Amino acid sequence: MGRYLGKRLLISVATIVGIVVIVFFIVRVLPGDAAIARAGPYANEEKVAEIRDKYGFDDPMPVQFVDYFTGVFTGDFGVSIRTDGDVLEELLIRLPASLELAFYSVLMATLVGIPLGILAAARRGTWIDGGARVFAVFGSSMALFWLGLLLIYFFFFRLRWFPGPIDRLPIGTEPPPMITGFYTFDAALRGDFGLVFEAFRYLALPVITLGFVLAAPILKMVRASMIEALDSEHVRTARAIGVPPRSILFRDGFRNALLPVITAIGIVFGYMLGGNIIVEFLFAWPGVGRYAYSAIQVNDLEALQGFVIMVGILYVILNVVIDVSYAWIDPRIRLGKKVSS
Amino acid sequence: MSLLEVSGLTVGVEHSPHALLRDVDFTVEAGQIMGLVGESGSGKTMSALAIMDLLPAGIERRAGTVRLDGRDLVAQDRETVDRNANDMTMIFQHPRSALNPTMRVGRQIGRALEINQDMGRAAARSRATEMLNHVGIPGADRVARAYPHQLSGGMCQRVMIAMALACRPRVLIADEPTTALDVTIQAQIFDLINDLVEETGCGVLFITHDLGAIAEMCDRVTVLYGGQVMETGDVRQVFTDSRHPYTQFLFDAVVREADPSVEEKDVNFALQGCRFGHRCPYAFDACAEFPLLREVDTGHLTSCFLHQKENALGSA
Ligand SMILES: Nc1ncnc2c1ncn2[C@@H]1O[C@H](COP(=O)(O)OP(=O)(O)OP(=O)(O)O)[C@@H](O)[C@H]1O
Ligand code: SF4
Ligand SMILES: [Mg+2]
């Protein structure tokens, strides 16, 4: 177990170094010129050159690389040419908003996907299974953007059940003091349940949008791995010794289907870390996705690099968490071989 | 009346006319061991699963009755068998994969006790350890806390047996309980099964492809080929007075030991008529029909037209 963990951590550090290197070079070969974009349409040559100099765009590639590399590992992600702010600082301010959105979206996707997947597998071939499959197909073929727009149109514009797609709280509302950065948590910790309610109202539409789409892959994976577990030889044994059906479904079936399910949830969560740019843009959600979107618009290389590296690091952490939960769930990973008698 | 009476059992692949088992009949008496023998793919496991109502998805029971003490267990719709683990349980062919990989083996035995012997959790736990001891596992305390992947094949097999014993079944099906185990462990497991029969008076269906094991363990034997019962009767009758060409061939092959064709894993048995027809040297016109079992001696039955003709001629 200790060695398993140590090995995972070592691989993680190597992965992060790799990410930093690759991101640096990919960002350099993107089309467009950051200095020109920064200088604006009316700037003359001189102005552009001045900007180039200021941000070090003219330095030879190796020098830029060493600068950047040492910077990243000392917590210096550079300065955004769009805002002139420190990239790391700007990202960290926005990260909780993205994480809160990701957390509730994955939570919703899990709460929908797991029960439906179990039900579909337990009632294989019935109309329930058929319904679950239709839901999964809808979910995976539905474009996030389109679904988000539909929800905004009906539930904000027509019905006014939820607030418009702007920010995390009503304008002029003071956010709760920062503890976790999740408004719902922080407000609850302070006992301000009116604020908790407001925060949820603002979360609702983007979370439903993402949760609906992300439930599909979880449902499919739960169904497939449940069916595999339920058809396994050890479930046959459980039936032979008279274990009741409900217990077979959960203890012998679902418990042994958990590994692929955890993997699916992990993949979905990882996708959320970098992939909700569209939803953050659509709902004007002040997270890192929208920050990245703005950076792309103006070739803000430092900001973009910072974003990608941060997502990469989060991804690596996520994978460590998944690996640890594997070992926790599966005694074959956790425990070595052979108890001799 | 027999303890377990299987008759006309027919099993096939869904949406396919081809039957994996056809009109399988045999009985298991209380306090006796019935051997079920046949080469690989002859349908031994399939017969057991059909009786237990544990057929894999895609395989269906098409006909047949399964009587326990005269009560037919097969539901009207033929979909389910009304059995609980007290009536009948089974030791599976591949013990390691038959155990739940995420549950400690002591707990797996423990829950069989809770379900079938109305025990509380704590009582079941200590009884499970006792049972591990009983099936000859030294250091049962530690083994009870192990997961299947930490145990050897022989130990998994004994855990499987302890689980089956925990059900206190009236009929125990043992599907090749000693394949891949070494001879001393094999002998121990045979002893366990014999003890069980002696102590509880249950009936055992003992599945194997080893004729030696049949001779050693069983009172009666049923020979299966291509999903058809070739011959059934007392071990003595079937071994010394084999009537069916396949059974004769089987013993011949055992005697001729070195003959490589014995190892033939050919399951392309005839789909029409007698399942042994394509290999039978005596095949004749009548064999295009399916031969049902007929008695050739008291309690000794065979499914071959040769004997039915003889009988017919004899009685004429
Ligand atoms: N899931 C399945 N679908 C279709 N056919 C199957 C399936 N499982 C087994 N069969 C076929 O059913 C027949 C009987 O198989 P069975 O497992 O009962 O043989 P067996 O006598 O137990 O052999 P062995 O000694 O190898 O265990 C074989 O021809 C096999 O190919
Ligand atoms: S029924 Fe015919 S084919 Fe079958 S064993 Fe007898 S003689 Fe041979
Ligand atoms: Mg078998």
# chains A, B, ... in the order shown; residues from 1 in each chain; ligands from 1

call {"tool": "select_by_dssp", "arguments": {"residues": "segment 79-243 of chain A", "states": "alpha helix (DSSP H)", "output": "PyMOL selection string"}}
result
chain A and resi 87-122+127-141+144-151+183-189+193-230+233-240

call {"tool": "residues_near_ligand", "arguments": {"ligand": "ligand 1", "cutoff": "6 Å", "atoms": "only C-alpha atoms and all ligand atoms", "output": "list in words"}}
result
Val13, Leu20, Glu39, Ser40, Gly41, Ser42, Gly43, Lys44, Thr45, Met46, Pro56 and Val267 of chain B

call {"tool": "write_last_selection", "arguments": {"atoms": "N, CA, C and O atoms", "output": "mmCIF file, in the first residue's frame"}}
result
data_model
loop_
_atom_site.group_PDB
_atom_site.id
_atom_site.type_symbol
_atom_site.label_atom_id
_atom_site.label_comp_id
_atom_site.auth_asym_id
_atom_site.auth_seq_id
_atom_site.Cartn_x
_atom_site.Cartn_y
_atom_site.Cartn_z
ATOM 1 N N VAL B 13 -30.152 -22.813 -26.317
ATOM 2 C CA VAL B 13 -29.764 -21.425 -26.475
ATOM 3 C C VAL B 13 -30.970 -20.672 -27.015
ATOM 4 O O VAL B 13 -31.631 -21.147 -27.935
ATOM 5 N N LEU B 20 -28.975 -27.894 -25.955
ATOM 6 C CA LEU B 20 -27.719 -28.266 -25.290
ATOM 7 C C LEU B 20 -27.917 -29.502 -24.421
ATOM 8 O O LEU B 20 -26.994 -30.291 -24.222
ATOM 9 N N GLU B 39 -17.485 -36.274 -21.059
ATOM 10 C CA GLU B 39 -16.308 -35.503 -21.430
ATOM 11 C C GLU B 39 -16.626 -34.005 -21.390
ATOM 12 O O GLU B 39 -17.767 -33.606 -21.174
ATOM 13 N N SER B 40 -15.605 -33.210 -21.598
ATOM 14 C CA SER B 40 -15.779 -31.770 -21.547
ATOM 15 C C SER B 40 -16.805 -31.328 -22.593
ATOM 16 O O SER B 40 -16.749 -31.755 -23.739
ATOM 17 N N GLY B 41 -17.745 -30.497 -22.168
ATOM 18 C CA GLY B 41 -18.752 -30.000 -23.091
ATOM 19 C C GLY B 41 -19.962 -30.901 -23.229
ATOM 20 O O GLY B 41 -20.850 -30.638 -24.035
ATOM 21 N N SER B 42 -20.028 -31.954 -22.438
ATOM 22 C CA SER B 42 -21.148 -32.883 -22.575
ATOM 23 C C SER B 42 -22.415 -32.359 -21.886
ATOM 24 O O SER B 42 -23.481 -32.921 -22.059
ATOM 25 N N GLY B 43 -22.275 -31.300 -21.107
ATOM 26 C CA GLY B 43 -23.464 -30.692 -20.508
ATOM 27 C C GLY B 43 -23.632 -30.969 -19.025
ATOM 28 O O GLY B 43 -24.715 -30.765 -18.471
ATOM 29 N N LYS B 44 -22.572 -31.368 -18.353
ATOM 30 C CA LYS B 44 -22.659 -31.685 -16.922
ATOM 31 C C LYS B 44 -22.999 -30.431 -16.124
ATOM 32 O O LYS B 44 -23.957 -30.405 -15.348
ATOM 33 N N THR B 45 -22.190 -29.377 -16.327
ATOM 34 C CA THR B 45 -22.432 -28.132 -15.606
ATOM 35 C C THR B 45 -23.794 -27.554 -15.977
ATOM 36 O O THR B 45 -24.544 -27.084 -15.121
ATOM 37 N N MET B 46 -24.115 -27.614 -17.264
ATOM 38 C CA MET B 46 -25.388 -27.069 -17.727
ATOM 39 C C MET B 46 -26.556 -27.777 -17.037
ATOM 40 O O MET B 46 -27.536 -27.130 -16.658
ATOM 41 N N PRO B 56 -27.010 -19.327 -17.261
ATOM 42 C CA PRO B 56 -26.535 -18.003 -17.676
ATOM 43 C C PRO B 56 -27.539 -17.330 -18.611
ATOM 44 O O PRO B 56 -28.401 -17.997 -19.189
ATOM 45 N N VAL B 267 -17.121 -31.577 -29.560
ATOM 46 C CA VAL B 267 -18.491 -31.475 -29.080
ATOM 47 C C VAL B 267 -19.460 -31.282 -30.245
ATOM 48 O O VAL B 267 -20.604 -30.911 -30.066
#

call {"tool": "interface_residues", "arguments": {"of": "chain B", "to": "chain A", "cutoff": "8 Å", "atoms": "only C-alpha atoms", "output": "mmCIF file with all heavy atoms, in the first residue's frame"}}
result
data_model
loop_
_atom_site.group_PDB
_atom_site.id
_atom_site.type_symbol
_atom_site.label_atom_id
_atom_site.label_comp_id
_atom_site.auth_asym_id
_atom_site.auth_seq_id
_atom_site.Cartn_x
_atom_site.Cartn_y
_atom_site.Cartn_z
ATOM 1 N N MET B 52 -30.575 -25.982 -10.676
ATOM 2 C CA MET B 52 -30.433 -24.950 -9.639
ATOM 3 C C MET B 52 -31.100 -23.635 -10.015
ATOM 4 O O MET B 52 -31.096 -22.694 -9.239
ATOM 5 C CB MET B 52 -28.951 -24.653 -9.402
ATOM 6 C CG MET B 52 -28.177 -25.759 -8.745
ATOM 7 S SD MET B 52 -28.528 -25.855 -6.999
ATOM 8 C CE MET B 52 -27.798 -24.333 -6.418
ATOM 9 N N LEU B 54 -29.895 -21.541 -12.228
ATOM 10 C CA LEU B 54 -28.799 -20.580 -12.319
ATOM 11 C C LEU B 54 -28.234 -20.519 -13.732
ATOM 12 O O LEU B 54 -27.069 -20.192 -13.926
ATOM 13 C CB LEU B 54 -27.687 -20.962 -11.332
ATOM 14 C CG LEU B 54 -28.040 -20.924 -9.846
ATOM 15 C CD1 LEU B 54 -26.899 -21.460 -9.011
ATOM 16 C CD2 LEU B 54 -28.386 -19.509 -9.416
ATOM 17 N N PRO B 56 -27.010 -19.327 -17.261
ATOM 18 C CA PRO B 56 -26.535 -18.003 -17.676
ATOM 19 C C PRO B 56 -27.539 -17.330 -18.611
ATOM 20 O O PRO B 56 -28.401 -17.997 -19.189
ATOM 21 C CB PRO B 56 -25.233 -18.317 -18.415
ATOM 22 C CG PRO B 56 -25.268 -19.759 -18.751
ATOM 23 C CD PRO B 56 -26.172 -20.419 -17.766
ATOM 24 N N ALA B 57 -27.411 -15.994 -18.723
ATOM 25 C CA ALA B 57 -28.286 -15.244 -19.622
ATOM 26 C C ALA B 57 -28.161 -15.813 -21.025
ATOM 27 O O ALA B 57 -27.071 -16.146 -21.472
ATOM 28 C CB ALA B 57 -27.892 -13.771 -19.598
ATOM 29 N N ASN B 84 -34.803 -23.286 -2.353
ATOM 30 C CA ASN B 84 -33.933 -22.446 -1.557
ATOM 31 C C ASN B 84 -32.676 -23.232 -1.220
ATOM 32 O O ASN B 84 -32.571 -24.422 -1.535
ATOM 33 C CB ASN B 84 -34.653 -21.888 -0.327
ATOM 34 C CG ASN B 84 -35.124 -22.985 0.595
ATOM 35 O OD1 ASN B 84 -34.420 -23.971 0.792
ATOM 36 N ND2 ASN B 84 -36.303 -22.815 1.137
ATOM 37 N N ALA B 85 -31.740 -22.557 -0.599
ATOM 38 C CA ALA B 85 -30.439 -23.183 -0.414
ATOM 39 C C ALA B 85 -30.493 -24.352 0.564
ATOM 40 O O ALA B 85 -29.621 -25.213 0.550
ATOM 41 C CB ALA B 85 -29.427 -22.143 0.056
ATOM 42 N N THR B 89 -27.990 -26.951 -2.900
ATOM 43 C CA THR B 89 -26.982 -25.940 -3.186
ATOM 44 C C THR B 89 -25.856 -26.590 -3.967
ATOM 45 O O THR B 89 -25.897 -27.785 -4.252
ATOM 46 C CB THR B 89 -26.495 -25.226 -1.920
ATOM 47 O OG1 THR B 89 -25.787 -24.050 -2.291
ATOM 48 C CG2 THR B 89 -25.572 -26.112 -1.109
ATOM 49 N N MET B 90 -24.855 -25.795 -4.322
ATOM 50 C CA MET B 90 -23.902 -26.278 -5.308
ATOM 51 C C MET B 90 -22.493 -25.794 -5.002
ATOM 52 O O MET B 90 -22.282 -24.679 -4.540
ATOM 53 C CB MET B 90 -24.343 -25.753 -6.680
ATOM 54 C CG MET B 90 -23.476 -26.174 -7.828
ATOM 55 S SD MET B 90 -24.343 -25.866 -9.380
ATOM 56 C CE MET B 90 -23.020 -26.188 -10.546
ATOM 57 N N PHE B 92 -19.149 -24.975 -6.961
ATOM 58 C CA PHE B 92 -18.891 -24.674 -8.370
ATOM 59 C C PHE B 92 -17.522 -25.145 -8.843
ATOM 60 O O PHE B 92 -16.603 -25.374 -8.053
ATOM 61 C CB PHE B 92 -19.061 -23.182 -8.627
ATOM 62 C CG PHE B 92 -20.477 -22.743 -8.505
ATOM 63 C CD1 PHE B 92 -20.957 -22.248 -7.310
ATOM 64 C CD2 PHE B 92 -21.341 -22.861 -9.572
ATOM 65 C CE1 PHE B 92 -22.274 -21.869 -7.171
ATOM 66 C CE2 PHE B 92 -22.660 -22.479 -9.455
ATOM 67 C CZ PHE B 92 -23.133 -21.989 -8.249
ATOM 68 N N SER B 97 -13.079 -17.980 -8.825
ATOM 69 C CA SER B 97 -13.972 -16.978 -9.403
ATOM 70 C C SER B 97 -15.397 -17.135 -8.874
ATOM 71 O O SER B 97 -16.227 -16.258 -9.085
ATOM 72 C CB SER B 97 -13.945 -17.026 -10.931
ATOM 73 O OG SER B 97 -14.054 -18.344 -11.389
ATOM 74 N N ALA B 98 -15.662 -18.246 -8.192
ATOM 75 C CA ALA B 98 -16.998 -18.409 -7.611
ATOM 76 C C ALA B 98 -17.131 -17.690 -6.278
ATOM 77 O O ALA B 98 -18.209 -17.628 -5.718
ATOM 78 C CB ALA B 98 -17.321 -19.890 -7.448
ATOM 79 N N LEU B 99 -16.030 -17.139 -5.778
ATOM 80 C CA LEU B 99 -16.104 -16.403 -4.515
ATOM 81 C C LEU B 99 -16.075 -14.905 -4.798
ATOM 82 O O LEU B 99 -15.446 -14.451 -5.752
ATOM 83 C CB LEU B 99 -14.923 -16.787 -3.613
ATOM 84 C CG LEU B 99 -14.896 -18.254 -3.158
ATOM 85 C CD1 LEU B 99 -13.610 -18.544 -2.389
ATOM 86 C CD2 LEU B 99 -16.107 -18.584 -2.305
ATOM 87 N N ASN B 100 -16.772 -14.145 -3.943
ATOM 88 C CA ASN B 100 -16.825 -12.699 -4.114
ATOM 89 C C ASN B 100 -15.454 -12.085 -3.789
ATOM 90 O O ASN B 100 -14.965 -12.220 -2.670
ATOM 91 C CB ASN B 100 -17.898 -12.139 -3.183
ATOM 92 C CG ASN B 100 -18.153 -10.670 -3.431
ATOM 93 O OD1 ASN B 100 -17.259 -9.941 -3.854
ATOM 94 N ND2 ASN B 100 -19.361 -10.232 -3.170
ATOM 95 N N PRO B 101 -14.820 -11.399 -4.773
ATOM 96 C CA PRO B 101 -13.451 -10.913 -4.577
ATOM 97 C C PRO B 101 -13.330 -9.791 -3.552
ATOM 98 O O PRO B 101 -12.227 -9.512 -3.083
ATOM 99 C CB PRO B 101 -13.056 -10.408 -5.971
ATOM 100 C CG PRO B 101 -14.334 -10.110 -6.656
ATOM 101 C CD PRO B 101 -15.339 -11.098 -6.115
ATOM 102 N N THR B 102 -14.437 -9.131 -3.215
ATOM 103 C CA THR B 102 -14.325 -8.001 -2.291
ATOM 104 C C THR B 102 -14.894 -8.325 -0.915
ATOM 105 O O THR B 102 -15.139 -7.416 -0.123
ATOM 106 C CB THR B 102 -15.038 -6.752 -2.842
ATOM 107 O OG1 THR B 102 -16.425 -7.046 -2.980
ATOM 108 C CG2 THR B 102 -14.477 -6.326 -4.177
ATOM 109 N N ARG B 111 -22.482 -15.364 5.998
ATOM 110 C CA ARG B 111 -23.810 -14.960 5.556
ATOM 111 C C ARG B 111 -24.626 -16.154 5.070
ATOM 112 O O ARG B 111 -25.859 -16.142 5.179
ATOM 113 C CB ARG B 111 -23.742 -13.838 4.524
ATOM 114 C CG ARG B 111 -23.250 -14.198 3.174
ATOM 115 C CD ARG B 111 -23.369 -12.971 2.266
ATOM 116 N NE ARG B 111 -22.822 -13.316 0.958
ATOM 117 C CZ ARG B 111 -22.963 -12.582 -0.118
ATOM 118 N NH1 ARG B 111 -23.614 -11.452 -0.052
ATOM 119 N NH2 ARG B 111 -22.443 -12.967 -1.254
ATOM 120 N N ALA B 112 -23.938 -17.202 4.594
ATOM 121 C CA ALA B 112 -24.674 -18.425 4.269
ATOM 122 C C ALA B 112 -25.312 -18.993 5.535
ATOM 123 O O ALA B 112 -26.443 -19.483 5.508
ATOM 124 C CB ALA B 112 -23.745 -19.450 3.629
ATOM 125 N N ILE B 115 -28.327 -16.772 6.611
ATOM 126 C CA ILE B 115 -29.505 -16.952 5.763
ATOM 127 C C ILE B 115 -30.149 -18.316 5.993
ATOM 128 O O ILE B 115 -31.367 -18.427 6.091
ATOM 129 C CB ILE B 115 -29.119 -16.816 4.272
ATOM 130 C CG1 ILE B 115 -28.612 -15.403 3.980
ATOM 131 C CG2 ILE B 115 -30.297 -17.145 3.375
ATOM 132 C CD1 ILE B 115 -27.833 -15.301 2.687
ATOM 133 N N ASN B 116 -29.313 -19.356 6.085
ATOM 134 C CA ASN B 116 -29.868 -20.699 6.071
ATOM 135 C C ASN B 116 -30.016 -21.349 7.434
ATOM 136 O O ASN B 116 -30.674 -22.363 7.563
ATOM 137 C CB ASN B 116 -29.026 -21.597 5.173
ATOM 138 C CG ASN B 116 -29.065 -21.133 3.730
ATOM 139 O OD1 ASN B 116 -30.106 -21.224 3.088
ATOM 140 N ND2 ASN B 116 -27.958 -20.604 3.230
ATOM 141 N N ILE B 137 -8.838 -26.508 7.121
ATOM 142 C CA ILE B 137 -7.959 -25.357 6.898
ATOM 143 C C ILE B 137 -7.273 -25.011 8.215
ATOM 144 O O ILE B 137 -7.929 -24.605 9.169
ATOM 145 C CB ILE B 137 -8.741 -24.147 6.354
ATOM 146 C CG1 ILE B 137 -9.228 -24.458 4.949
ATOM 147 C CG2 ILE B 137 -7.873 -22.903 6.360
ATOM 148 C CD1 ILE B 137 -9.956 -23.320 4.284
ATOM 149 N N PRO B 138 -5.967 -25.171 8.272
ATOM 150 C CA PRO B 138 -5.252 -24.776 9.486
ATOM 151 C C PRO B 138 -5.161 -23.257 9.551
ATOM 152 O O PRO B 138 -5.178 -22.582 8.511
ATOM 153 C CB PRO B 138 -3.869 -25.395 9.312
ATOM 154 C CG PRO B 138 -3.752 -25.785 7.874
ATOM 155 C CD PRO B 138 -5.083 -25.689 7.224
ATOM 156 N N GLY B 139 -5.100 -22.722 10.747
ATOM 157 C CA GLY B 139 -5.054 -21.260 10.897
ATOM 158 C C GLY B 139 -6.340 -20.622 10.397
ATOM 159 O O GLY B 139 -6.319 -19.586 9.737
ATOM 160 N N ALA B 140 -7.460 -21.248 10.728
ATOM 161 C CA ALA B 140 -8.756 -20.786 10.204
ATOM 162 C C ALA B 140 -9.049 -19.334 10.572
ATOM 163 O O ALA B 140 -9.699 -18.621 9.814
ATOM 164 C CB ALA B 140 -9.868 -21.696 10.705
ATOM 165 N N ARG B 142 -7.055 -16.764 10.689
ATOM 166 C CA ARG B 142 -6.469 -15.820 9.732
ATOM 167 C C ARG B 142 -7.107 -15.962 8.361
ATOM 168 O O ARG B 142 -7.352 -14.974 7.672
ATOM 169 C CB ARG B 142 -4.960 -16.038 9.640
ATOM 170 C CG ARG B 142 -4.206 -15.304 10.753
ATOM 171 C CD ARG B 142 -2.724 -15.311 10.474
ATOM 172 N NE ARG B 142 -2.277 -16.624 10.059
ATOM 173 C CZ ARG B 142 -1.456 -16.837 9.043
ATOM 174 N NH1 ARG B 142 -1.004 -15.828 8.347
ATOM 175 N NH2 ARG B 142 -1.083 -18.055 8.740
ATOM 176 N N VAL B 143 -7.365 -17.198 7.974
ATOM 177 C CA VAL B 143 -7.953 -17.426 6.654
ATOM 178 C C VAL B 143 -9.342 -16.796 6.564
ATOM 179 O O VAL B 143 -9.720 -16.248 5.522
ATOM 180 C CB VAL B 143 -7.985 -18.934 6.335
ATOM 181 C CG1 VAL B 143 -8.768 -19.201 5.062
ATOM 182 C CG2 VAL B 143 -6.565 -19.464 6.205
ATOM 183 N N ALA B 146 -9.141 -13.430 5.288
ATOM 184 C CA ALA B 146 -8.495 -13.230 3.983
ATOM 185 C C ALA B 146 -9.535 -13.040 2.882
ATOM 186 O O ALA B 146 -10.702 -13.388 3.036
ATOM 187 C CB ALA B 146 -7.619 -14.425 3.660
ATOM 188 N N TYR B 147 -9.084 -12.455 1.783
ATOM 189 C CA TYR B 147 -9.901 -12.353 0.586
ATOM 190 C C TYR B 147 -9.524 -13.504 -0.343
ATOM 191 O O TYR B 147 -8.398 -14.019 -0.259
ATOM 192 C CB TYR B 147 -9.657 -11.012 -0.109
ATOM 193 C CG TYR B 147 -10.211 -9.844 0.665
ATOM 194 C CD1 TYR B 147 -9.416 -9.148 1.560
ATOM 195 C CD2 TYR B 147 -11.533 -9.457 0.519
ATOM 196 C CE1 TYR B 147 -9.925 -8.085 2.297
ATOM 197 C CE2 TYR B 147 -12.049 -8.399 1.237
ATOM 198 C CZ TYR B 147 -11.252 -7.711 2.121
ATOM 199 O OH TYR B 147 -11.758 -6.671 2.830
ATOM 200 N N HIS B 149 -8.421 -13.804 -3.294
ATOM 201 C CA HIS B 149 -7.180 -13.739 -4.081
ATOM 202 C C HIS B 149 -5.951 -14.063 -3.249
ATOM 203 O O HIS B 149 -4.878 -14.287 -3.781
ATOM 204 C CB HIS B 149 -7.036 -12.367 -4.748
ATOM 205 C CG HIS B 149 -6.575 -11.286 -3.808
ATOM 206 N ND1 HIS B 149 -7.439 -10.582 -2.999
ATOM 207 C CD2 HIS B 149 -5.345 -10.798 -3.549
ATOM 208 C CE1 HIS B 149 -6.756 -9.714 -2.283
ATOM 209 N NE2 HIS B 149 -5.484 -9.817 -2.598
ATOM 210 N N GLN B 150 -6.106 -14.067 -1.930
ATOM 211 C CA GLN B 150 -4.959 -14.357 -1.066
ATOM 212 C C GLN B 150 -4.829 -15.848 -0.774
ATOM 213 O O GLN B 150 -3.906 -16.253 -0.088
ATOM 214 C CB GLN B 150 -5.110 -13.593 0.261
ATOM 215 C CG GLN B 150 -5.088 -12.088 0.070
ATOM 216 C CD GLN B 150 -5.361 -11.365 1.369
ATOM 217 O OE1 GLN B 150 -6.458 -11.420 1.908
ATOM 218 N NE2 GLN B 150 -4.351 -10.697 1.888
ATOM 219 N N LEU B 151 -5.778 -16.634 -1.276
ATOM 220 C CA LEU B 151 -5.785 -18.058 -0.956
ATOM 221 C C LEU B 151 -5.440 -18.906 -2.183
ATOM 222 O O LEU B 151 -5.655 -18.496 -3.319
ATOM 223 C CB LEU B 151 -7.165 -18.467 -0.433
ATOM 224 C CG LEU B 151 -7.664 -17.701 0.800
ATOM 225 C CD1 LEU B 151 -9.074 -18.147 1.142
ATOM 226 C CD2 LEU B 151 -6.723 -17.897 1.973
ATOM 227 N N SER B 152 -4.935 -20.105 -1.914
ATOM 228 C CA SER B 152 -4.638 -21.029 -3.005
ATOM 229 C C SER B 152 -5.948 -21.621 -3.530
ATOM 230 O O SER B 152 -6.990 -21.518 -2.885
ATOM 231 C CB SER B 152 -3.752 -22.147 -2.485
ATOM 232 O OG SER B 152 -4.485 -22.933 -1.572
ATOM 233 N N MET B 163 -19.026 -23.210 2.589
ATOM 234 C CA MET B 163 -20.206 -22.406 2.301
ATOM 235 C C MET B 163 -21.401 -23.284 1.977
ATOM 236 O O MET B 163 -22.524 -23.022 2.420
ATOM 237 C CB MET B 163 -19.914 -21.533 1.081
ATOM 238 C CG MET B 163 -19.766 -20.092 1.368
ATOM 239 S SD MET B 163 -18.975 -19.328 -0.028
ATOM 240 C CE MET B 163 -20.353 -18.541 -0.737
ATOM 241 N N ALA B 164 -21.147 -24.306 1.165
ATOM 242 C CA ALA B 164 -22.230 -25.205 0.789
ATOM 243 C C ALA B 164 -22.738 -25.951 2.020
ATOM 244 O O ALA B 164 -23.947 -26.098 2.207
ATOM 245 C CB ALA B 164 -21.750 -26.181 -0.284
ATOM 246 N N CYS B 167 -25.204 -24.246 4.238
ATOM 247 C CA CYS B 167 -26.600 -24.184 3.800
ATOM 248 C C CYS B 167 -27.399 -25.376 4.314
ATOM 249 O O CYS B 167 -28.617 -25.399 4.170
ATOM 250 C CB CYS B 167 -26.681 -24.136 2.276
ATOM 251 S SG CYS B 167 -25.892 -22.693 1.575
#

call {"tool": "select_by_dssp", "arguments": {"residues": "segment 72-214 of chain B", "states": "strand (DSSP E or B)", "output": "PyMOL selection string"}}
result
chain B and resi 72+74+81+88-91+171-175+203-208

call {"tool": "residues_around", "arguments": {"residues": "segment 286-296 of chain A", "least_positions_apart": "5", "cutoff": "9 Å", "atoms": "only C-alpha atoms", "output": "PDB file with C-alpha atoms, in the first residue's frame"}}
result
ATOM      1  CA  SER A  80      -1.426  38.562 -18.015  1.00  0.00           C
ATOM      2  CA  ILE A  81      -1.045  40.971 -20.948  1.00  0.00           C
ATOM      3  CA  ARG A  82      -4.783  41.460 -20.892  1.00  0.00           C
ATOM      4  CA  GLU A  90      -6.149  35.709 -10.948  1.00  0.00           C
ATOM      5  CA  LEU A  91      -6.596  31.987 -11.444  1.00  0.00           C
ATOM      6  CA  LEU A  92      -6.784  31.246  -7.731  1.00  0.00           C
ATOM      7  CA  ILE A  93      -9.441  33.892  -7.194  1.00  0.00           C
ATOM      8  CA  ARG A  94     -11.580  32.287  -9.869  1.00  0.00           C
ATOM      9  CA  LEU A  95     -10.906  28.657  -9.094  1.00  0.00           C
ATOM     10  CA  PRO A  96     -13.476  28.198  -6.272  1.00  0.00           C
ATOM     11  CA  ALA A  97     -16.282  29.343  -8.558  1.00  0.00           C
ATOM     12  CA  SER A  98     -15.318  26.692 -11.099  1.00  0.00           C
ATOM     13  CA  LEU A  99     -14.836  24.013  -8.485  1.00  0.00           C
ATOM     14  CA  LEU A 101     -19.860  24.439 -10.289  1.00  0.00           C
ATOM     15  CA  ILE A 166     -25.055  36.448 -14.758  1.00  0.00           C
ATOM     16  CA  ASP A 167     -22.587  35.712 -11.987  1.00  0.00           C
ATOM     17  CA  ARG A 168     -22.932  33.671  -8.785  1.00  0.00           C
ATOM     18  CA  LEU A 273     -12.026  20.952 -14.760  1.00  0.00           C
ATOM     19  CA  GLY A 274     -11.148  22.117 -18.227  1.00  0.00           C
ATOM     20  CA  GLY A 275     -14.266  21.545 -20.204  1.00  0.00           C
ATOM     21  CA  ASN A 276     -16.834  23.858 -18.759  1.00  0.00           C
ATOM     22  CA  ILE A 277     -15.507  26.891 -20.629  1.00  0.00           C
ATOM     23  CA  ILE A 278     -18.684  26.845 -22.695  1.00  0.00           C
ATOM     24  CA  VAL A 279     -21.024  26.811 -19.723  1.00  0.00           C
ATOM     25  CA  GLU A 280     -19.046  29.411 -17.791  1.00  0.00           C
ATOM     26  CA  PHE A 281     -19.144  31.627 -20.847  1.00  0.00           C
ATOM     27  CA  LEU A 301      -0.259  33.499 -23.674  1.00  0.00           C
ATOM     28  CA  GLU A 302       0.757  33.709 -20.027  1.00  0.00           C
ATOM     29  CA  ALA A 303      -2.824  33.479 -18.832  1.00  0.00           C
ATOM     30  CA  LEU A 304      -3.562  30.607 -21.179  1.00  0.00           C
ATOM     31  CA  PHE A 307      -4.824  27.934 -17.043  1.00  0.00           C
ATOM     32  CA  VAL A 308      -3.697  24.817 -18.868  1.00  0.00           C
TER      33      VAL A 308
END

call {"tool": "residues_near_ligand", "arguments": {"ligand": "ligand 2", "cutoff": "10 Å", "atoms": "only C-alpha atoms and all ligand atoms", "output": "PyMOL selection string"}}
result
chain B and resi 230+243-247+270+273-292+302-308

call {"tool": "closest_residue", "arguments": {"among": "B:Gln93, B:Asn133, B:Thr298, B:Thr179", "to": "ligand 3", "atoms": "only C-alpha atoms and all ligand atoms"}}
result
B:Gln93
